[in-house]
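Note sheet for the following structure.
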Amino acid sequence: MARADTLCNQSLLEAGERTLDRTIGEPGDVKTQFVTREGTYRLMTLSEYSRPNRVGYQPQGQTPPQVRVSLVTLPDQEERICFNYGKELYVYVYKGIKKAADLSKPLEKKVYKGTNPTCHDFNTTSASAESASLLIGFSTGQIQLIDPIKKELSKLFNEERLIDKSRVTCLRWVPGSRSLFLAAHASGQFYVYNEELPCGSAAPHYQPFKVGEGFTVNTCKTKSTRNPLFRWLLGTGAAINELAFSPNGSQLAVVTQDGLLRVFQYDSMELLGYARSYFGGLLCVAWSGDGRLIAVGGEDDLITVYSMEQKRVVARGQGHRSWVSAVAFDWFLEIESCYRIGSVGHDTQICLWELPEDNLVPPRPRVKRRPDPLQLVGTPACPRLDECPTLEPLVCKKIAHERLTSLVFRPDCIITACQDGYQGQLGVYMRGGSNMIH
């Protein structure tokens, strides 16, 4: 433990103490392994998942949606993995690092016309050996519910785009619920649906339900209950980029294109706290396993760590040279004295960070500066660079030729997704040998 604390503290630098070596390798300089204090992570090429057809998919006139990854563990401990690429969506039996992936036998393959799948989410509460509910959001605003195991289930929500015409950016099942889910849109609104209820045949009319600081919640004016149950509008309508529930399911973190992180008590619809990016939009958000910290990443090329207890930004990480597209806490390496955070970005790099517990103490009082009322710069929600500890990456490696879009920590591996021009490849990196976590 002492050695881990020492290594962890070495990763914490005060801003401006020394410059970071963040040189991106040459186009062919892609690493297939990297070393951390717990061992060597190695790319398992036989365990990679991708489109089975190696012929390139070339989108016409637009950038395809980011490759996203969803996993679910069934009661019999078997797992299913889902990913999207262009107009296609695939579901496979996930075999982990010990067996080769059979790309010729997807459980589900869907090719859509006139729209692209943009996000998806399995219902972990209702999943069984015979059923796994999977939500899919689309670039044209619709939402589909399928079951890749049972094959019988297929429902559409917002089919006529009467509720929202903008792209679906994130879907999340409400923790502990078999039927409730959230759908976030590029319009700056997210909706609460019940998959057992229909949508109306006309555009919904709303009435106020709750008004808070920088957000409003509405319900539908209807004689009978129908979808959506609630409509949340955040700020002035900047796109919602990602939603994340806390580990206990009681709190909801939301990041938006206007650079704001907002944290709500979900059931009571109370705003608990907020933070802002140094500049640009926030694209991704994740919770620590104990629910004390939230990490976000975005267009400022930084990862930013927010403390729920202190209601302030406690650290920033500088290591990426382009937008941070996905961030995650490694719950399997979370110890009392240190947090492990991972991030991937458009710079094709994976960065691993360690945040020591010592960094979470309240900061020394500083000379007060006049805050910026619009951007929150110089406040606890967005401290200046010299007012906040800066983390140096423990690992920063180029692992792909194209931008990276997803990151998932597993007990025995790390899964990444790459916006590959031909396959939308998922990389699986095995944790080092005897140090694998069980």
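In the structure tokens, each chain is lettered A, B, ... as it comes, each chain's residues begin at 1, and ligands are numbered from 1 in order of appearance.
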
Which residues of stretch 260-326 of chain A come within 7 Å of stretch 226-242 of chain A, and what is each one's closest atom pair and distance in Å (one decimal), counting only C-alpha atoms, sorted by chain and residue number, as CSV?
```
residue,atom,partner,partner_atom,distance
A:Leu283,CA,A:Asn241,CA,5.4
A:Cys284,CA,A:Glu242,CA,5.7
A:Val285,CA,A:Glu242,CA,6.6
```

Report task. Could you find all residues in stretch 55-275 of chain A that DSSP calls strand (DSSP E or B) from the backbone, and write them as a PyMOL selection string? Result -> chain A and resi 69-73+79-85+88-94+108-111+117-122+128+131+134-138+143-146+154-157+168-173+180-185+189-194+199+206-212+215-220+227+230-234+240-245+251-256+260-265+270-275

**Report entry** A:Thr118, A:His346, A:Lys109, A:Pro148 ranked by distance to A:His185, top pick (using only C-alpha atoms)
**Finding:** A:Thr118

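Around A:Met44, within 10 Å and counting only C-alpha atoms, the residues found are Thr32, Gln33, Tyr41, Arg42, Leu46, Ser47, Glu48, Gly96, Ile97, Lys98, Lys99, Ala100, Cys413, Gly427, Val428, Tyr429 and Met430 of chain A, once anything fewer than 2 positions away on its own chain is removed.
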
Requested in this report: Using only C-alpha atoms, determine which residues lie at most 8 Å from stretch 301-304 of chain A, disregarding the query and same-chain residues fewer than 6 positions distant; provide the list as a ChimeraX atom specification.
Outcome: /A:277,295,313-324,327,343

**Report entry** Residues near stretch 261-263 of chain A, cut-off 10 Å, only C-alpha atoms, skip fewer than 4 positions along chain, as a PyMOL selection string
**Finding:** chain A and resi 214-215+234+242-246+251-257+269-277+281-285+294-296+306+308+381

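The two atoms in question, atom CA of A:Lys95 and atom CA of A:Glu78, are spaced 8.1 Å apart.
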